[in-house]
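Shown next: query19.cif, given as mmCIF, C-alpha atoms.
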data_start
loop_
_atom_site.label_atom_id
_atom_site.label_comp_id
_atom_site.auth_asym_id
_atom_site.auth_seq_id
_atom_site.Cartn_x
_atom_site.Cartn_y
_atom_site.Cartn_z
CA MET X 5 76.16 82.67 135.40
CA LYS X 6 76.96 82.51 131.69
CA ALA X 7 74.19 83.23 129.20
CA VAL X 8 74.09 83.37 125.39
CA LEU X 9 71.96 85.30 122.92
CA ALA X 10 71.90 83.69 119.47
CA LEU X 11 70.20 84.88 116.28
CA ALA X 12 68.74 82.76 113.51
CA ASP X 13 71.26 84.10 110.99
CA GLY X 14 74.24 82.75 113.00
CA ARG X 15 75.31 85.80 115.00
CA TYR X 16 75.67 85.21 118.75
CA PHE X 17 76.66 87.13 121.89
CA ILE X 18 78.01 85.77 125.19
CA GLY X 19 77.08 87.53 128.42
CA ARG X 20 75.77 87.00 131.93
CA ALA X 21 72.37 85.74 133.08
CA LEU X 22 70.03 88.40 134.41
CA GLY X 23 66.65 87.77 136.00
CA SER X 24 65.30 84.24 135.72
CA VAL X 25 67.46 81.30 134.61
CA GLY X 26 66.01 79.56 131.56
CA GLU X 27 65.68 79.57 127.78
CA VAL X 28 63.30 81.64 125.61
CA THR X 29 62.80 82.40 121.92
CA GLY X 30 61.31 85.47 120.27
CA GLU X 31 61.87 88.14 117.67
CA VAL X 32 64.90 90.21 118.70
CA VAL X 33 64.14 93.95 118.50
CA PHE X 34 65.52 97.13 120.06
CA ASN X 35 64.08 100.13 121.89
CA THR X 36 65.93 103.47 121.92
CA SER X 37 64.28 104.90 125.07
CA MET X 38 66.65 106.00 127.83
CA THR X 39 64.22 104.86 130.52
CA GLY X 40 60.65 103.56 130.71
CA TYR X 41 61.89 99.98 130.96
CA GLN X 42 59.05 99.06 133.33
CA GLU X 43 56.42 100.14 130.83
CA ILE X 44 58.27 98.23 128.11
CA LEU X 45 58.50 95.04 130.19
CA THR X 46 54.76 95.06 130.94
CA ASP X 47 53.39 96.30 127.60
CA PRO X 48 51.47 93.37 126.01
CA SER X 49 52.48 94.70 122.58
CA TYR X 50 55.93 93.17 123.18
CA HIS X 51 54.53 89.66 123.54
CA GLY X 52 56.64 87.31 121.42
CA GLU X 53 59.65 89.64 121.35
CA ILE X 54 63.08 89.76 122.96
CA VAL X 55 63.67 93.46 123.64
CA THR X 56 67.12 95.03 123.59
CA MET X 57 67.57 98.39 125.32
CA THR X 58 70.04 100.64 123.47
CA TYR X 59 70.75 102.87 126.50
CA PRO X 60 73.82 101.35 128.19
CA GLN X 61 72.63 101.19 131.81
CA ILE X 62 69.09 100.10 132.66
CA GLY X 63 67.50 99.90 136.09
CA ASN X 64 68.80 103.14 137.65
CA CYS X 65 65.33 104.13 138.82
CA GLY X 66 64.41 100.70 140.15
CA VAL X 67 60.92 99.26 139.82
CA ASN X 68 57.64 100.31 141.42
CA ALA X 69 54.06 99.04 141.34
CA ASP X 70 52.61 102.24 139.82
CA ASP X 71 54.45 102.23 136.50
CA VAL X 72 53.45 98.84 135.12
CA GLU X 73 51.18 98.76 132.05
CA SER X 74 49.52 95.40 132.74
CA HIS X 75 49.34 92.71 135.43
CA ARG X 76 52.65 91.06 134.40
CA PRO X 77 55.53 91.26 131.91
CA PHE X 78 54.57 89.95 128.47
CA LEU X 79 57.80 90.10 126.47
CA SER X 80 59.74 86.90 125.78
CA GLY X 81 63.14 88.12 126.98
CA PHE X 82 65.16 91.22 127.90
CA VAL X 83 68.64 92.35 126.84
CA VAL X 84 70.72 95.12 128.45
CA LYS X 85 74.33 96.22 128.37
CA GLU X 86 74.44 96.71 132.14
CA SER X 87 71.75 96.43 134.81
CA CYS X 88 71.93 98.73 137.82
CA PRO X 89 71.93 96.64 141.05
CA PHE X 90 71.55 99.66 143.35
CA PRO X 91 68.75 101.90 142.04
CA SER X 92 68.33 105.42 143.38
CA ASN X 93 64.83 106.89 143.19
CA PHE X 94 62.31 107.89 145.84
CA ARG X 95 59.64 105.75 144.12
CA SER X 96 61.79 102.62 143.79
CA GLU X 97 60.52 99.46 145.50
CA MET X 98 62.96 96.86 144.14
CA SER X 99 65.83 96.41 141.69
CA LEU X 100 65.36 95.42 138.06
CA ASP X 101 67.04 92.04 138.62
CA VAL X 102 64.72 91.18 141.53
CA TYR X 103 61.67 92.19 139.47
CA LEU X 104 62.79 90.04 136.52
CA LYS X 105 63.38 87.05 138.84
CA GLU X 106 59.99 87.44 140.55
CA ASN X 107 58.25 87.50 137.16
CA ASN X 108 60.31 84.72 135.51
CA VAL X 109 61.71 86.94 132.76
CA VAL X 110 64.78 85.33 131.17
CA SER X 111 67.31 88.09 130.44
CA ILE X 112 70.93 88.69 129.56
CA GLU X 113 73.41 91.48 130.33
CA GLY X 114 77.06 92.20 129.61
CA ILE X 115 76.87 91.89 125.81
CA ASP X 116 77.76 94.56 123.24
CA THR X 117 74.25 95.92 122.67
CA ARG X 118 75.62 98.53 120.24
CA ALA X 119 76.95 95.75 117.98
CA LEU X 120 73.67 93.84 118.32
CA VAL X 121 71.56 96.86 117.36
CA ARG X 122 73.79 97.71 114.39
CA HIS X 123 73.42 94.11 113.21
CA ILE X 124 69.61 94.23 113.52
CA ARG X 125 69.51 97.52 111.61
CA THR X 126 71.51 95.88 108.80
CA ALA X 127 70.12 92.34 108.79
CA GLY X 128 66.64 93.15 110.13
CA ALA X 129 64.71 92.00 113.20
CA GLN X 130 64.77 88.21 113.37
CA THR X 131 64.10 85.25 115.63
CA GLY X 132 66.58 84.74 118.43
CA ILE X 133 67.07 82.82 121.66
CA ILE X 134 68.39 83.63 125.13
CA SER X 135 69.61 80.73 127.23
CA SER X 136 71.41 80.32 130.54
CA ILE X 137 70.84 76.54 130.38
CA ASP X 138 72.25 75.59 126.98
CA THR X 139 75.27 77.84 126.35
CA ASP X 140 76.48 76.16 123.14
CA PRO X 141 76.18 78.89 120.47
CA GLN X 142 75.76 76.46 117.56
CA SER X 143 73.01 74.56 119.35
CA LEU X 144 71.17 77.81 120.08
CA ILE X 145 71.55 79.10 116.52
CA LYS X 146 69.91 75.91 115.25
CA LYS X 147 67.03 76.30 117.73
CA ALA X 148 66.55 79.95 116.76
CA SER X 149 66.47 79.13 113.04
CA GLN X 150 63.76 76.52 113.66
CA ALA X 151 61.57 78.70 115.91
CA PRO X 152 58.36 80.13 114.40
CA SER X 153 58.33 83.64 112.95
CA ILE X 154 56.13 86.38 114.38
CA VAL X 155 54.61 86.91 110.92
CA GLY X 156 51.21 85.31 110.36
CA ARG X 157 50.63 84.41 114.03
CA ASP X 158 47.68 85.57 116.13
CA LEU X 159 49.35 86.76 119.33
CA VAL X 160 46.36 88.83 120.44
CA LYS X 161 44.46 85.78 121.70
CA GLU X 162 47.33 85.15 124.12
CA VAL X 163 47.18 88.60 125.77
CA THR X 164 43.55 89.75 125.65
CA CYS X 165 41.30 89.70 128.72
CA SER X 166 38.97 86.73 129.21
CA VAL X 167 35.96 88.67 130.53
CA PRO X 168 34.81 92.32 130.28
CA TYR X 169 35.80 94.74 133.04
CA GLN X 170 35.33 98.42 133.88
CA PRO X 171 38.49 100.40 134.81
CA THR X 172 38.07 103.63 136.80
CA GLU X 173 41.62 104.96 137.30
CA GLY X 174 42.50 108.42 135.98
CA VAL X 175 45.95 109.73 135.07
CA TRP X 176 48.74 109.68 137.67
CA LYS X 177 49.46 112.71 139.84
CA LEU X 178 52.49 113.21 142.07
CA GLY X 179 51.58 112.53 145.68
CA GLN X 180 48.15 111.21 144.73
CA GLY X 181 48.84 108.24 142.48
CA TYR X 182 46.12 106.86 140.21
CA ALA X 183 43.07 108.16 142.06
CA VAL X 184 39.62 107.24 140.78
CA ASN X 185 38.75 110.07 138.45
CA PRO X 186 35.99 112.19 140.04
CA ASN X 187 34.97 113.94 136.83
CA ARG X 188 31.60 113.23 135.25
CA LYS X 189 31.95 110.63 132.50
CA PRO X 190 29.21 111.35 129.95
CA PHE X 191 30.50 109.10 127.16
CA LYS X 192 30.14 105.34 127.25
CA VAL X 193 33.08 103.74 125.43
CA ILE X 194 33.70 100.09 124.63
CA ALA X 195 37.43 99.36 124.39
CA TYR X 196 38.61 96.28 122.49
CA ASP X 197 41.48 94.64 124.35
CA PHE X 198 44.02 93.51 121.77
CA GLY X 199 46.74 93.93 124.42
CA ILE X 200 45.69 97.23 125.96
CA LYS X 201 47.96 99.40 128.10
CA ARG X 202 46.60 100.70 131.40
CA ASN X 203 47.68 104.26 130.72
CA ILE X 204 45.50 104.40 127.60
CA LEU X 205 42.54 103.51 129.79
CA ARG X 206 43.52 106.18 132.32
CA HIS X 207 43.69 108.89 129.64
CA LEU X 208 40.31 107.86 128.23
CA THR X 209 38.81 107.91 131.72
CA SER X 210 40.28 111.33 132.48
CA ALA X 211 38.94 112.63 129.15
CA GLY X 212 35.40 111.75 130.25
CA CYS X 213 34.87 108.17 129.12
CA ASP X 214 32.90 105.56 131.05
CA LEU X 215 34.87 102.49 129.95
CA THR X 216 34.06 98.85 129.46
CA VAL X 217 36.96 96.73 128.21
CA VAL X 218 35.95 93.65 126.20
CA PRO X 219 37.88 90.62 124.87
CA ALA X 220 39.36 90.87 121.37
CA GLU X 221 36.84 88.47 119.79
CA THR X 222 33.71 90.22 121.10
CA ALA X 223 31.20 90.42 118.22
CA ALA X 224 30.23 93.81 116.80
CA ASP X 225 26.51 93.26 117.40
CA GLN X 226 27.25 92.52 121.07
CA VAL X 227 29.21 95.78 121.31
CA LEU X 228 26.40 97.74 119.63
CA SER X 229 23.85 96.17 121.99
CA MET X 230 25.65 97.98 124.84
CA LYS X 231 24.71 101.27 123.11
CA PRO X 232 28.19 102.86 123.27
CA ASP X 233 28.94 106.46 122.31
CA GLY X 234 32.27 105.31 120.90
CA VAL X 235 34.53 102.30 120.35
CA PHE X 236 38.27 102.22 121.05
CA LEU X 237 40.67 99.85 119.26
CA SER X 238 43.72 99.16 121.41
CA ASN X 239 47.37 98.46 120.86
CA GLY X 240 48.58 94.86 120.79
CA PRO X 241 51.29 92.47 119.62
CA GLY X 242 52.34 91.04 116.30
CA ASP X 243 50.96 90.87 112.80
CA PRO X 244 47.52 92.48 112.17
CA GLU X 245 46.81 90.53 108.97
CA PRO X 246 45.69 87.21 110.55
CA LEU X 247 43.22 88.93 112.91
CA PHE X 248 40.23 88.39 110.60
CA TYR X 249 37.67 88.45 113.43
CA ALA X 250 38.83 91.92 114.53
CA GLN X 251 38.85 93.30 110.99
CA GLU X 252 35.29 92.08 110.33
CA ASN X 253 33.98 93.44 113.64
CA ILE X 254 35.45 96.85 112.85
CA ARG X 255 33.81 96.85 109.40
CA GLN X 256 30.44 96.24 111.05
CA LEU X 257 30.99 99.12 113.49
CA LEU X 258 32.09 101.74 110.95
CA GLY X 259 29.51 104.44 110.34
CA LYS X 260 27.40 103.33 113.31
CA VAL X 261 29.60 104.64 116.13
CA PRO X 262 32.77 106.81 116.39
CA VAL X 263 35.96 104.73 116.32
CA PHE X 264 39.44 105.61 117.61
CA GLY X 265 42.45 103.30 117.24
CA ILE X 266 46.03 103.30 118.53
CA CYS X 267 48.96 101.23 117.18
CA LEU X 268 47.59 97.75 116.32
CA GLY X 269 44.14 99.34 116.45
CA HIS X 270 45.32 101.77 113.76
CA GLN X 271 46.54 98.92 111.56
CA LEU X 272 43.30 96.96 112.01
CA LEU X 273 41.19 100.01 111.17
CA SER X 274 43.27 100.56 108.04
CA ILE X 275 42.77 96.94 106.94
CA ALA X 276 39.03 97.18 107.66
CA LEU X 277 38.94 100.21 105.36
CA GLY X 278 40.59 98.27 102.54
CA GLY X 279 44.25 98.91 103.28
CA LYS X 280 47.18 96.54 103.67
CA THR X 281 50.12 96.29 106.07
CA TYR X 282 53.73 95.18 105.69
CA LYS X 283 56.57 94.25 108.04
CA LEU X 284 59.18 96.91 108.72
CA LYS X 285 62.84 95.92 108.57
CA PHE X 286 63.44 96.59 112.26
CA GLY X 287 60.38 98.52 113.39
CA HIS X 288 59.91 101.72 115.38
CA ARG X 289 60.50 101.38 119.12
CA GLY X 290 61.48 104.36 121.22
CA GLY X 291 60.40 107.64 122.72
CA ASN X 292 61.72 110.19 120.24
CA GLN X 293 60.11 109.56 116.84
CA PRO X 294 59.20 112.79 114.96
CA VAL X 295 55.75 112.76 113.36
CA LEU X 296 54.18 115.48 111.20
CA ASP X 297 50.50 116.23 111.87
CA TYR X 298 49.23 117.44 108.49
CA GLN X 299 46.04 118.93 109.93
CA ARG X 300 47.73 121.15 112.53
CA GLN X 301 51.02 121.53 110.63
CA ARG X 302 52.96 120.60 113.74
CA VAL X 303 55.72 118.11 114.46
CA GLU X 304 55.09 115.86 117.45
CA ILE X 305 57.71 113.92 119.38
CA THR X 306 56.12 110.50 119.75
CA SER X 307 56.56 107.22 121.58
CA GLN X 308 56.32 104.18 119.32
CA ASN X 309 56.33 100.40 119.44
CA HIS X 310 55.46 98.51 116.28
CA GLY X 311 57.02 96.18 113.74
CA PHE X 312 54.36 96.53 111.02
CA ALA X 313 53.15 99.58 109.09
CA VAL X 314 50.23 100.56 106.87
CA ASP X 315 50.88 100.68 103.12
CA GLU X 316 49.85 104.19 102.06
CA GLN X 317 49.33 103.16 98.43
CA SER X 318 46.74 100.58 99.49
CA LEU X 319 44.45 103.15 101.12
CA GLY X 320 41.52 104.22 98.96
CA ASP X 321 40.18 107.71 98.29
CA ALA X 322 37.81 107.48 101.26
CA VAL X 323 40.79 107.45 103.65
CA GLU X 324 42.93 110.51 104.41
CA VAL X 325 46.47 110.19 105.79
CA THR X 326 46.69 112.64 108.71
CA HIS X 327 50.15 111.92 110.16
CA MET X 328 53.52 110.93 108.66
CA ASN X 329 56.76 109.69 110.20
CA LEU X 330 59.52 112.14 109.33
CA ASN X 331 62.27 109.52 109.61
CA ASP X 332 61.04 107.08 106.97
CA LYS X 333 57.80 108.63 105.61
CA THR X 334 55.59 105.79 106.89
CA VAL X 335 51.90 106.33 107.71
CA GLU X 336 51.36 107.45 111.32
CA GLY X 337 47.68 108.39 111.26
CA ILE X 338 44.51 108.19 109.18
CA LYS X 339 40.88 109.29 109.23
CA HIS X 340 37.84 108.36 107.17
CA ARG X 341 36.44 111.18 105.05
CA SER X 342 32.80 110.26 105.81
CA PHE X 343 32.64 108.02 108.86
CA PRO X 344 33.62 109.25 112.35
CA ALA X 345 36.77 107.11 112.56
CA PHE X 346 40.45 107.93 113.01
CA SER X 347 43.63 106.31 114.32
CA VAL X 348 47.32 106.85 114.98
CA GLN X 349 50.25 104.45 114.83
CA TYR X 350 52.11 105.97 117.79
CA HIS X 351 51.31 106.02 121.53
CA PRO X 352 49.87 109.35 122.76
CA GLU X 353 49.39 107.92 126.28
CA ALA X 354 53.13 107.30 126.78
CA SER X 355 53.88 110.98 127.55
CA PRO X 356 56.01 111.73 124.49
CA GLY X 357 57.09 115.33 124.26
CA PRO X 358 55.73 114.94 127.09
CA HIS X 359 52.24 116.20 126.15
CA ASP X 360 52.45 116.61 122.37
CA ALA X 361 49.79 114.01 121.55
CA GLN X 362 47.22 114.28 124.34
CA TYR X 363 44.88 116.22 122.03
CA LEU X 364 43.94 112.92 120.38
CA PHE X 365 41.91 111.80 123.39
CA GLU X 366 40.11 115.15 123.36
CA ARG X 367 39.48 114.75 119.63
CA PHE X 368 37.82 111.39 120.26
CA VAL X 369 35.56 112.96 122.90
CA GLU X 370 34.65 115.83 120.54
CA MET X 371 33.85 113.29 117.82
CA MET X 372 31.52 111.40 120.18
CA LYS X 373 29.89 114.65 121.30
CA LYS X 374 29.21 115.66 117.70
CA HIS X 375 27.89 112.22 116.79
CA LYS X 376 25.71 112.08 119.89
CA ASN X 377 24.15 115.48 119.13
#
Take the structure in the file and give it back as C-alpha cells.
Amino acid sequence: MKAVLALADGRYFIGRALGSVGEVTGEVVFNTSMTGYQEILTDPSYHGEIVTMTYPQIGNCGVNADDVESHRPFLSGFVVKESCPFPSNFRSEMSLDVYLKENNVVSIEGIDTRALVRHIRTAGAQTGIISSIDTDPQSLIKKASQAPSIVGRDLVKEVTCSVPYQPTEGVWKLGQGYAVNPNRKPFKVIAYDFGIKRNILRHLTSAGCDLTVVPAETAADQVLSMKPDGVFLSNGPGDPEPLFYAQENIRQLLGKVPVFGICLGHQLLSIALGGKTYKLKFGHRGGNQPVLDYQRQRVEITSQNHGFAVDEQSLGDAVEVTHMNLNDKTVEGIKHRSFPAFSVQYHPEASPGPHDAQYLFERFVEMMKKHKN
C-alpha cells in the first residue's frame, strides 16, 4: 500500500505503508543507532516525534517482550529504508511489521532515508506527517505546516504514570531475564516519572535503591514526607521550559535530599538552578556520541535522545559543568558545588560503550550514603 511522508517545508517522500494504516503528525527526527529499535519505539521520550532510522535495514533481530522500555510504543510514527520481514534471532518473538500493527504504529518504508536525514541536518528537525490514507503530497504538506510545534508543549503529562508504583526488577542477565534483584536495598529513592525508561529503574534497583515511582506533578512536600534518601529525575519528551511544576518541585528539594537527573531530568535540574535551555537544530539521537568527563578525564561513548540542550552561559557560578559533548561542545552533565545534586544529558542505562557510564548510578548511591551519614 502506498504511503507518503511530507514535511512542513514542502519536501515529501513516497514509499510503502508499514505497520498500521493511518495518518499521524509529529516532529521528524533521526536516530543513528544500528539496532535498538525496540527500545526506541517504546521510549516515552519519543512521544510526539516521527523517528527515522538511518541504518538501512531495521527489524533483523525481530521483537521480543524483554526489550521494551515501557508498556507500549509512544512515538508518533516510524520511518525505515527497509524492514526485515524474516528476523533471525533466538530471542525473537515476532517481526517488526507485526509488532507495529499490533500497537497501531503508523510507519513508512521504501523511502530514501539518506536523503531525508541530509535534509533534516540542513533544514532542521520539523513537523511532518505520515499517511497511508491521504496520499496527495500537497494536501499532506498543508496539514504538516498547520500542525502544532513540539516547542512550548507539555508532553510529560501525556506519558507519566497516574499513580505511584514500586518496581523490583534488576538488570537483565542471559538465561535469567529480569529477575527480582535479591540484593539488600538500603536506599529509599523517589523517582519522578517524566517518561521514565524501565532500564533506568532496573539499574537503580541493582545499585541498591528501594524505588517508588511517582507522577510528574507530585508535590515536593509529598515526596519529602516519604523520607527518601534520594530523588531521581527521569528522562521524558519534549520541551523542558513549560514544565513549571517540575522546576518548582526540584527547587524545593535541592539541599534537602540528594538529586540525580538523566536527560529531561538534567534539563529540569539546570533550569531549577537558574539555567536556560534551547532547541538544537536536529538533536542528538544515537548510540555513539562521544562525551568528555572532565572529572575523570575520560571519553565515554554514550547513547543519547534529546532535541533540547542546556545553555552553558546561563549557568551560574554555583553550577559546575562536568561533561561536554565532543561533537558540538554542548553541555552533557552538571553538578551543584554545594548541594548534593548532579545530572547528565545522555542515557547511562542504554548500555553505551557498553558499560562506560554505569558509574553514574554508583555515584548516586555514594552521594546518598554520604548524605545519610
> Any chance you could work out the residue set of the PyMOL selection byres ((chain X and resi 372) around 8) here, as a ChimeraX atom specification?
Replying inline: /X:191,233-234,262,368-371,373-376
>> Assuming the chain letters and numbering stay as they are in my file, what does the PyMOL selection byres ((chain X and resi 35) around 10) actually select? List them as number ranges by chain.
In response: X: 33-34, 36-39, 41, 44, 55-59, 121, 287-291, 308-309
>> Env of segment 237-252 of chain X: 6 Å cut, atoms = all atoms listed in the file, seq-sep filter 6 positions within chain, self excluded. Answer as a list in words.
In response: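 Residues meeting the cut-off are Ser49, Tyr50, His51, Val155, Gly156, Tyr196, Asp197, Phe198, Gly199, Ile200, Gly265, Ile266, Cys267, Leu268, Gly269, Leu272 and Ala276 of chain X.
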>> Need the shell around Gly66 of chain X: protein/DNA/RNA residues with any atom at most 6 Å away, counting all atoms listed in the file. Skip same-chain ones fewer than 4 positions apart. Format as a list in words?
In response: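 With the cut-off at 6 Å, the set is Pro91, Ser96, Met98, Ser99 and Leu100 of chain X.
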> To one decimal place, how far is atom CA of Gln130 of chain X from atom CA of Glu31 of chain X in Å?
Replying inline: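 Interatomic distance here is 5.2 Å.
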Can I get the residues of segment 223-303 of chain X within 9 Å of segment 342-345 of chain X, each with the closest pair of atoms and their distance in Å to one decimal, using all atoms listed in the file, sorted chain first then ascending number, as a tab-separated table?
residue	atom	partner	partner_atom	distance
X:Leu258	CA	X:Phe343	CA	6.6
X:Gly259	CA	X:Phe343	CA	5.0
X:Lys260	CA	X:Phe343	CA	8.3
X:Val261	CA	X:Pro344	CA	7.2
X:Pro262	CA	X:Pro344	CA	4.8
X:Val263	CA	X:Ala345	CA	4.5
X:Phe264	CA	X:Ala345	CA	5.9
X:Gly265	CA	X:Ala345	CA	8.3
X:Leu273	CA	X:Ala345	CA	8.5
> atom CA of Gly63 of chain X and atom CA of Gly179 of chain X, how far apart in Å?
Replying inline: 22.5 Å
> atom CA of Glu304 of chain X to atom CA of Gly357 of chain X: how many Å, to one decimal?
Replying inline: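 About the pair atom CA of Glu304 of chain X and atom CA of Gly357 of chain X: they are 7.1 Å apart.
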Closest-contact table, segment 136-230 of chain X side, partner segment 10-29 of chain X, 9 Å, counting only C-alpha atoms, as a tab-separated table:
residue	atom	partner	partner_atom	distance
X:Ser136	CA	X:Gly26	CA	5.5
X:Ile137	CA	X:Gly26	CA	5.8
X:Asp138	CA	X:Glu27	CA	7.7
X:Thr139	CA	X:Ile18	CA	8.5
X:Pro141	CA	X:Ala10	CA	6.5
X:Gln142	CA	X:Gly14	CA	7.9
X:Leu144	CA	X:Ala10	CA	6.0
X:Ile145	CA	X:Ala10	CA	5.5
X:Lys146	CA	X:Ala12	CA	7.2
X:Lys147	CA	X:Ala12	CA	7.9
X:Ala148	CA	X:Ala12	CA	4.8
X:Ser149	CA	X:Ala12	CA	4.3
X:Gln150	CA	X:Ala12	CA	8.0
X:Ala151	CA	X:Thr29	CA	7.2
> What does the PyMOL selection byres ((chain X and resi 165-174) around 8) select in this file, as an NGL selection string?
Replying inline: :X and (163-164 or 175-176 or 182-185 or 197 or 205-207 or 209-210 or 214-220)
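For the choices X:Thr306, X:Val314, X:Gly337, X:Ser347, the atom-to-atom distance to Asp360 of chain X is smallest for X:Thr306 when using only C-alpha atoms.
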>> If we count all atoms listed in the file and set the cut-off at 12 Å, which residues sit around Leu330 of chain X, ignoring sequence neighbours fewer than 5 positions away in its own chain? Please answer as a list in words.
In response: Asn292, Gln293, Pro294, Val295, Leu296, Asp297, Tyr298, Arg302, Val303, Glu304, Ile305, Thr306, Val335 and Glu336 of chain X
>> Considering only C-alpha atoms, can you say which of X:Asp332, X:Asp101, X:Glu106, X:Glu316 comes closest to Asn64 of chain X?
In response: X:Asp101
> Pick from X:Thr126, X:Gln301, X:Thr46, X:Ser92: nearest to Val109 of chain X, with all atoms listed in the file counted?
Replying inline: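 Ranked by minimum distance to Val109 of chain X, first place goes to X:Thr46.
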